[in-house]
$ cat upload.cif   # mmCIF, C-alpha atoms and all ligand atoms
data_entry
#
loop_
_atom_site.label_atom_id
_atom_site.label_comp_id
_atom_site.auth_asym_id
_atom_site.auth_seq_id
_atom_site.Cartn_x
_atom_site.Cartn_y
_atom_site.Cartn_z
CA MET A 1 38.99 -8.03 14.83
CA ASP A 2 41.10 -8.16 17.97
CA ASP A 3 43.02 -4.96 17.79
CA PHE A 4 44.03 -2.31 15.36
CA ARG A 5 46.51 0.45 14.90
CA VAL A 6 45.96 4.11 15.25
CA ILE A 7 48.44 6.32 13.53
CA TRP A 8 48.39 9.93 14.38
CA CYS A 9 50.42 12.70 13.07
CA PHE A 10 51.21 15.86 14.93
CA ARG A 11 51.79 17.94 11.87
CA ALA A 12 48.94 20.19 13.01
CA LEU A 13 50.91 21.10 16.09
CA LEU A 14 53.32 22.97 13.90
CA ALA A 15 50.55 25.45 13.09
CA LYS A 16 50.89 28.61 15.06
CA THR A 17 47.21 29.44 15.41
CA ASN A 18 44.62 28.10 17.78
CA PRO A 19 42.66 25.97 18.13
CA TYR A 20 44.91 23.06 17.58
CA SER A 21 43.52 20.21 15.59
CA ILE A 22 44.53 16.65 15.31
CA SER A 23 43.56 14.16 12.66
CA ILE A 24 43.42 10.46 13.36
CA ARG A 25 43.13 8.03 10.48
CA PHE A 26 41.54 4.66 11.00
CA SER A 27 41.52 1.59 8.80
CA ASN A 28 38.70 -0.95 8.88
CA ILE A 29 37.42 0.41 12.17
CA LEU A 30 33.71 0.49 12.91
CA LYS A 31 33.78 1.72 16.49
CA PHE A 32 36.29 3.33 18.81
CA ILE A 33 36.33 5.06 22.17
CA PHE A 34 38.42 7.79 23.72
CA ILE A 35 39.32 7.44 27.40
CA PHE A 36 40.00 10.63 29.29
CA ASP A 37 41.35 11.03 32.79
CA ALA A 38 38.18 12.53 34.23
CA VAL A 39 39.23 11.86 37.81
CA LYS A 40 42.10 14.26 37.62
CA ASN A 41 40.30 16.65 35.35
CA PRO A 42 36.54 16.38 35.98
CA CYS A 43 35.81 19.29 33.68
CA LEU A 44 37.10 17.16 30.82
CA LEU A 45 34.45 14.54 31.27
CA ASN A 46 31.99 16.22 28.92
CA ASN A 47 34.51 18.07 26.83
CA PRO A 48 36.65 15.73 24.78
CA ALA A 49 37.73 18.58 22.54
CA LEU A 50 39.19 20.41 25.53
CA THR A 51 40.86 17.23 26.63
CA MET A 52 42.53 16.87 23.29
CA THR A 53 43.66 20.47 23.41
CA VAL A 54 45.20 20.04 26.86
CA LEU A 55 46.76 16.77 25.82
CA ILE A 56 48.22 18.25 22.68
CA ARG A 57 49.58 21.30 24.40
CA SER A 58 51.24 19.12 27.00
CA LEU A 59 52.73 16.87 24.39
CA THR A 60 53.85 19.85 22.38
CA LEU A 61 56.01 21.06 25.21
CA LEU A 62 57.65 17.68 25.48
CA ILE A 63 57.82 16.50 21.90
CA LEU A 64 57.74 19.50 19.61
CA PRO A 65 61.53 20.00 19.67
CA ALA A 66 61.93 16.45 18.46
CA PHE A 67 59.39 17.06 15.65
CA ILE A 68 61.31 20.07 14.51
CA LEU A 69 64.38 17.96 14.21
CA THR A 70 62.83 14.79 12.77
CA GLY A 71 59.61 15.86 11.00
CA CYS A 72 56.35 14.02 11.40
CA HIS A 73 56.39 11.32 14.01
CA LYS A 74 54.31 8.18 13.97
CA ASP A 75 53.05 6.57 17.08
CA GLU A 76 50.78 3.69 17.76
CA GLY A 77 47.80 3.35 20.05
CA LYS A 78 45.91 0.27 20.99
CA PHE A 79 42.19 0.14 21.70
CA THR A 80 39.85 -2.58 22.72
CA PRO A 81 36.98 -2.79 20.21
CA ILE A 82 33.42 -3.13 21.49
CA PRO A 83 31.90 -6.15 19.78
CA GLU A 84 28.40 -5.77 18.35
CA PRO A 85 26.04 -7.77 20.57
CA LEU A 86 24.23 -10.50 18.64
CA VAL A 87 20.50 -10.19 19.13
CA LYS A 88 17.91 -12.61 17.81
CA PRO A 89 15.19 -11.17 15.58
CA VAL A 90 12.26 -9.67 17.44
CA ILE A 91 9.34 -10.51 15.18
CA SER A 92 6.40 -8.20 14.82
CA PHE A 93 3.92 -7.73 11.99
CA THR A 94 0.43 -6.45 11.33
CA PHE A 95 -1.94 -6.83 8.39
CA THR A 96 -4.93 -5.18 6.78
CA GLY A 97 -7.52 -6.55 4.38
CA ALA A 98 -8.62 -9.62 6.32
CA ASN A 99 -12.27 -10.37 7.15
CA ALA A 100 -13.15 -9.51 3.56
CA TRP A 101 -14.75 -11.59 0.84
CA ALA A 102 -12.55 -13.85 -1.20
CA PRO A 103 -10.58 -13.21 -3.24
CA ALA A 104 -9.08 -10.75 -0.78
CA ALA A 105 -5.78 -8.89 -0.91
CA VAL A 106 -4.12 -8.78 2.51
CA SER A 107 -1.27 -6.31 3.05
CA PHE A 108 1.34 -7.30 5.59
CA SER A 109 3.41 -4.69 7.43
CA ASN A 110 6.63 -6.10 8.85
CA THR A 111 7.97 -4.32 11.95
CA THR A 112 10.50 -7.00 12.89
CA THR A 113 13.89 -5.84 14.22
CA HIS A 114 17.37 -7.42 14.20
CA ALA A 115 16.60 -9.35 11.00
CA ALA A 116 17.93 -9.23 7.46
CA ALA A 117 15.89 -11.90 5.67
CA TYR A 118 12.30 -13.04 5.85
CA LYS A 119 10.12 -15.88 4.79
CA TRP A 120 6.36 -15.76 4.96
CA ASN A 121 4.06 -18.73 4.88
CA PHE A 122 0.55 -17.46 4.28
CA GLY A 123 -1.12 -20.67 5.35
CA ASP A 124 -2.58 -21.43 1.92
CA ASN A 125 0.48 -23.13 0.41
CA HIS A 126 1.90 -19.82 -0.77
CA THR A 127 5.08 -18.18 0.51
CA SER A 128 7.07 -14.99 0.01
CA THR A 129 10.48 -13.59 0.92
CA GLU A 130 9.46 -9.96 0.57
CA GLY A 131 9.68 -7.67 3.54
CA ASN A 132 6.14 -6.34 3.28
CA PRO A 133 4.19 -8.59 0.92
CA VAL A 134 0.64 -8.25 -0.37
CA HIS A 135 -1.00 -11.63 -0.69
CA ILE A 136 -4.28 -12.50 -2.37
CA TYR A 137 -6.28 -15.22 -0.68
CA ALA A 138 -8.34 -16.92 -3.37
CA GLU A 139 -10.80 -18.62 -1.05
CA GLY A 140 -12.49 -18.04 2.25
CA GLY A 141 -11.14 -19.72 5.34
CA THR A 142 -9.05 -19.34 8.47
CA TYR A 143 -5.33 -19.16 7.80
CA ILE A 144 -2.27 -19.32 10.06
CA VAL A 145 0.34 -16.87 8.82
CA LYS A 146 3.92 -17.63 9.84
CA LEU A 147 6.82 -15.23 9.55
CA VAL A 148 10.37 -16.55 9.91
CA ALA A 149 13.08 -13.89 10.27
CA ALA A 150 16.83 -14.40 10.20
CA GLY A 151 19.62 -12.08 11.33
CA SER A 152 23.17 -12.16 12.66
CA GLY A 153 21.83 -13.23 16.04
CA GLY A 154 19.89 -16.21 14.71
CA THR A 155 16.36 -16.92 13.50
CA ASP A 156 12.96 -16.80 15.08
CA SER A 157 9.36 -17.13 13.96
CA SER A 158 5.91 -15.97 14.90
CA THR A 159 2.38 -16.78 13.76
CA GLN A 160 -0.94 -14.99 13.55
CA VAL A 161 -4.38 -16.12 12.46
CA LEU A 162 -6.54 -14.33 9.91
CA THR A 163 -9.92 -15.02 8.37
CA ILE A 164 -11.15 -14.52 4.82
CA LEU A 165 -14.88 -14.62 4.15
CA ASP A 166 -16.40 -16.94 1.58
CA ALA A 167 -17.15 -15.18 -1.70
CA PRO A 168 -20.69 -13.85 -2.17
CA THR A 169 -23.03 -15.98 -4.24
CA THR A 170 -25.63 -13.42 -5.24
CA LEU A 171 -25.70 -9.91 -6.63
CA LYS A 172 -28.83 -7.91 -5.95
CA ILE A 173 -29.67 -4.95 -8.19
CA LYS A 174 -31.33 -2.48 -5.84
CA SER A 175 -31.53 0.58 -8.06
CA VAL A 176 -30.95 1.48 -11.68
CA VAL A 177 -29.90 5.11 -12.12
CA LEU A 178 -29.84 6.69 -15.56
CA THR A 179 -27.21 9.41 -15.30
CA GLY A 180 -26.88 10.26 -18.99
CA CYS A 181 -28.54 9.68 -22.37
CA SER A 182 -29.22 11.41 -25.66
CA PHE A 183 -32.57 13.10 -25.99
CA THR A 184 -32.42 12.85 -29.76
CA ASN A 185 -32.30 9.76 -31.90
CA SER A 186 -29.78 8.92 -34.59
CA TRP A 187 -31.64 11.14 -37.03
CA GLY A 188 -31.34 14.09 -34.69
CA ASN A 189 -35.04 14.03 -33.87
CA TYR A 190 -36.48 14.12 -30.37
CA TRP A 191 -37.77 10.83 -29.12
CA ASP A 192 -41.09 12.35 -28.31
CA PRO A 193 -41.34 15.68 -30.16
CA THR A 194 -44.25 17.08 -28.23
CA SER A 195 -43.65 16.14 -24.62
CA GLY A 196 -40.23 14.53 -24.17
CA PRO A 197 -39.46 10.82 -23.90
CA ASP A 198 -41.18 8.53 -21.43
CA ILE A 199 -38.21 6.58 -20.17
CA PHE A 200 -38.06 3.18 -18.52
CA PHE A 201 -35.70 0.19 -18.49
CA LYS A 202 -35.63 -3.55 -18.94
CA ILE A 203 -33.04 -6.07 -17.81
CA THR A 204 -32.34 -8.74 -20.43
CA ASP A 205 -29.83 -11.48 -21.05
CA SER A 206 -27.29 -11.14 -23.83
CA ASP A 207 -30.12 -11.74 -26.29
CA THR A 208 -33.64 -10.37 -26.00
CA THR A 209 -35.09 -12.40 -23.15
CA VAL A 210 -36.57 -9.94 -20.68
CA LEU A 211 -35.54 -10.81 -17.13
CA TYR A 212 -36.98 -7.74 -15.45
CA ASP A 213 -39.41 -5.14 -16.87
CA GLY A 214 -39.14 -1.76 -15.18
CA PHE A 215 -42.09 -0.22 -17.00
CA ALA A 216 -43.88 0.39 -13.72
CA LEU A 217 -41.10 2.83 -12.78
CA ILE A 218 -41.45 4.90 -15.99
CA ASP A 219 -40.48 8.60 -15.96
CA SER A 220 -42.89 10.30 -18.33
CA ASN A 221 -42.11 13.41 -20.33
CA SER A 222 -38.47 13.53 -19.34
CA ALA A 223 -36.00 16.29 -20.11
CA PRO A 224 -32.23 16.57 -19.65
CA ALA A 225 -32.76 18.59 -16.51
CA HIS A 226 -34.52 15.61 -14.95
CA LEU A 227 -31.37 13.50 -14.94
CA PRO A 228 -30.42 11.42 -13.13
CA LEU A 229 -33.50 9.23 -13.25
CA VAL A 230 -33.46 6.95 -10.22
CA TRP A 231 -35.41 3.73 -10.43
CA SER A 232 -35.45 1.91 -7.10
CA LEU A 233 -36.68 -1.63 -7.61
CA PRO A 234 -39.51 -2.60 -5.22
CA THR A 235 -37.95 -6.05 -5.13
CA ALA A 236 -34.26 -6.26 -5.92
CA TYR A 237 -33.36 -8.19 -9.04
CA THR A 238 -31.05 -11.05 -7.98
CA ILE A 239 -28.26 -12.45 -10.14
CA HIS A 240 -26.85 -15.86 -9.24
CA ASP A 241 -24.58 -16.66 -12.17
CA PHE A 242 -21.83 -14.06 -12.19
CA SER A 243 -20.50 -15.30 -15.52
CA GLU A 244 -23.63 -14.36 -17.49
CA TYR A 245 -23.93 -11.00 -19.20
CA LYS A 246 -26.86 -8.78 -18.24
CA SER A 247 -28.07 -5.88 -20.38
CA PHE A 248 -29.83 -2.79 -19.07
CA LYS A 249 -31.90 -1.39 -21.93
CA ILE A 250 -33.40 2.07 -21.94
CA TYR A 251 -36.63 2.78 -23.85
CA ASP A 252 -38.93 5.60 -24.76
CA TYR A 253 -42.44 4.30 -24.33
CA ASP A 254 -44.46 4.69 -27.48
CA PHE A 255 -48.09 3.85 -27.85
CA PRO A 256 -49.31 2.14 -29.90
CA ASP A 257 -45.95 1.85 -31.73
CA PRO A 258 -43.14 -0.41 -30.48
CA ASP A 259 -40.98 1.03 -27.73
CA GLU A 260 -38.05 2.98 -29.05
CA SER A 261 -34.66 1.85 -27.85
CA MET A 262 -32.61 4.77 -26.53
CA GLY A 263 -29.57 2.62 -25.85
CA GLN A 264 -28.24 -0.03 -23.54
CA ALA A 265 -25.29 -0.90 -21.31
CA GLY A 266 -24.47 -4.08 -19.49
CA LEU A 267 -22.14 -6.02 -17.26
CA THR A 268 -20.82 -9.42 -16.45
CA PRO A 269 -20.81 -9.50 -12.64
CA GLU A 270 -17.65 -11.61 -12.32
CA THR A 271 -15.73 -8.59 -13.59
CA TYR A 272 -16.31 -7.09 -10.17
CA THR A 273 -15.36 -10.11 -8.09
CA THR A 274 -11.57 -9.81 -8.25
CA ALA A 275 -9.24 -8.72 -5.47
CA GLN A 276 -8.70 -5.46 -7.34
CA SER A 277 -12.33 -4.74 -8.34
CA HIS A 278 -13.68 -6.03 -5.10
CA TYR A 279 -17.48 -6.19 -4.88
CA PRO A 280 -18.31 -2.50 -5.26
CA ASP A 281 -21.55 -1.11 -3.84
CA SER A 282 -22.22 0.79 -7.04
CA ILE A 283 -21.27 -0.12 -10.59
CA LYS A 284 -21.05 2.33 -13.46
CA ILE A 285 -21.74 0.98 -16.94
CA ASN A 286 -22.12 2.87 -20.17
CA THR A 287 -22.01 2.94 -23.92
CA ALA A 288 -21.95 5.98 -26.15
CA ASP A 289 -25.72 6.27 -25.81
CA VAL A 290 -26.47 5.76 -22.13
CA PHE A 291 -24.71 6.06 -18.80
CA ILE A 292 -26.05 3.97 -15.94
CA THR A 293 -25.10 3.49 -12.29
CA LEU A 294 -26.29 0.32 -10.58
CA VAL A 295 -26.74 0.35 -6.82
CA VAL A 296 -26.11 -3.20 -5.76
CA LYS A 297 -25.66 -5.51 -2.81
CA TRP A 298 -23.44 -8.59 -2.76
CA GLN A 299 -24.25 -11.37 -0.38
CA CA B 301 -41.00 8.11 -29.24
CA CA B 302 -43.86 11.83 -23.63
#
$ encode --input "upload.cif" --output "structure tokens" --more "lines below"
Ligand SMILES: [Ca+2]
Ligand SMILES: [Ca+2]
Amino acid sequence: MDDFRVIWCFRALLAKTNPYSISIRFSNILKFIFIFDAVKNPCLLNNPALTMTVLIRSLTLLILPAFILTGCHKDEGKFTPIPEPLVKPVISFTFTGANAWAPAAVSFSNTTTHAAAYKWNFGDNHTSTEGNPVHIYAEGGTYIVKLVAAGSGGTDSSTQVLTILDAPTTLKIKSVVLTGCSFTNSWGNYWDPTSGPDIFFKITDSDTTVLYDGFALIDSNSAPAHLPLVWSLPTAYTIHDFSEYKSFKIYDYDFPDPDESMGQAGLTPETYTTAQSHYPDSIKINTADVFITLVVKWQ
């Protein structure tokens, strides 16, 4: 755009009340400037409204008679537009979620300026054109993240390095905490009518193979007020295969009869190895019969 027309109308000058107003209509104009004669009238420098008033009053004296005779008069003004300077993108971004076990979700915060389009290369053969993407790194490693930004002033790019830790290979069960259970069996009878149940746990596979017997940690003569029952394992039980189901079975010790099962709950550890459910320090599992919290350590 080289120049443009300004059409003003002095209809407002016909009004007999102050202050005078003037409307100026522009077409397809993004920027404009007014130039006032501040040398002759320094007080006008910071008062464009006053300048317009003085200008209008002066013009009124000269032109108003002609308006009265001819009606609204159109005039043209010519201004020099100020072109928008073209600035290259100034790339800036931060991220959170790195230095975590894989798979890890890393959130990128894009603070680039003078850009309208972006392309991310996360360094693991994945890309994105979002402004502020969240990317899940599936495996541990060191990755070079590159952001390319494009704007009216051109394109530019910047890189940063981030590290994702290799996924843990073991899950250690440090404590089994019974937070809830029924103190009556399915017939509505107390497990141990005279003294309350003597509660302990076993860890088994999906069948009946006992992997860990917690009998040594038994809580004898329990009552609801004793909950939660906290069983801290002297030696943590270690799970290596995250795809195998583990059952935590709760018993009332009966002698000489077989132990009475009060219920069970279990987990498959890989459920907790996603970017969303990301290696929690405690895991809650339950069925209708028992509620258990496992205090664990991944490594
Ligand atoms: Ca019993
Ligand atoms: Ca008992």
$ atom_distance --input "upload.cif" --atom1 "CA of Trp298 in chain A" --atom2 "CA of His135 in chain A"
22.7 Å
$ closest_residue --input "upload.cif" --among "A:Thr113, A:Thr194, A:Ser220, A:Thr184" --to "Ser152 in chain A" --atoms "all atoms listed in the file"
A:Thr113
$ residues_near_ligand --input "upload.cif" --ligand "ligand CA 302 (chain B)" --cutoff "10 Å" --atoms "all atoms listed in the file" --output "PyMOL selection string"
chain A and resi 191-199+219-223+252-255
$ atom_distance --input "upload.cif" --atom1 "CA of Ser109 in chain A" --atom2 "CA of Asp281 in chain A"
27.6 Å
$ closest_residue --input "upload.cif" --among "A:Pro133, A:Pro258, A:Gly263, A:Pro269" --to "Ser243 in chain A" --atoms "all atoms listed in the file"
A:Pro269
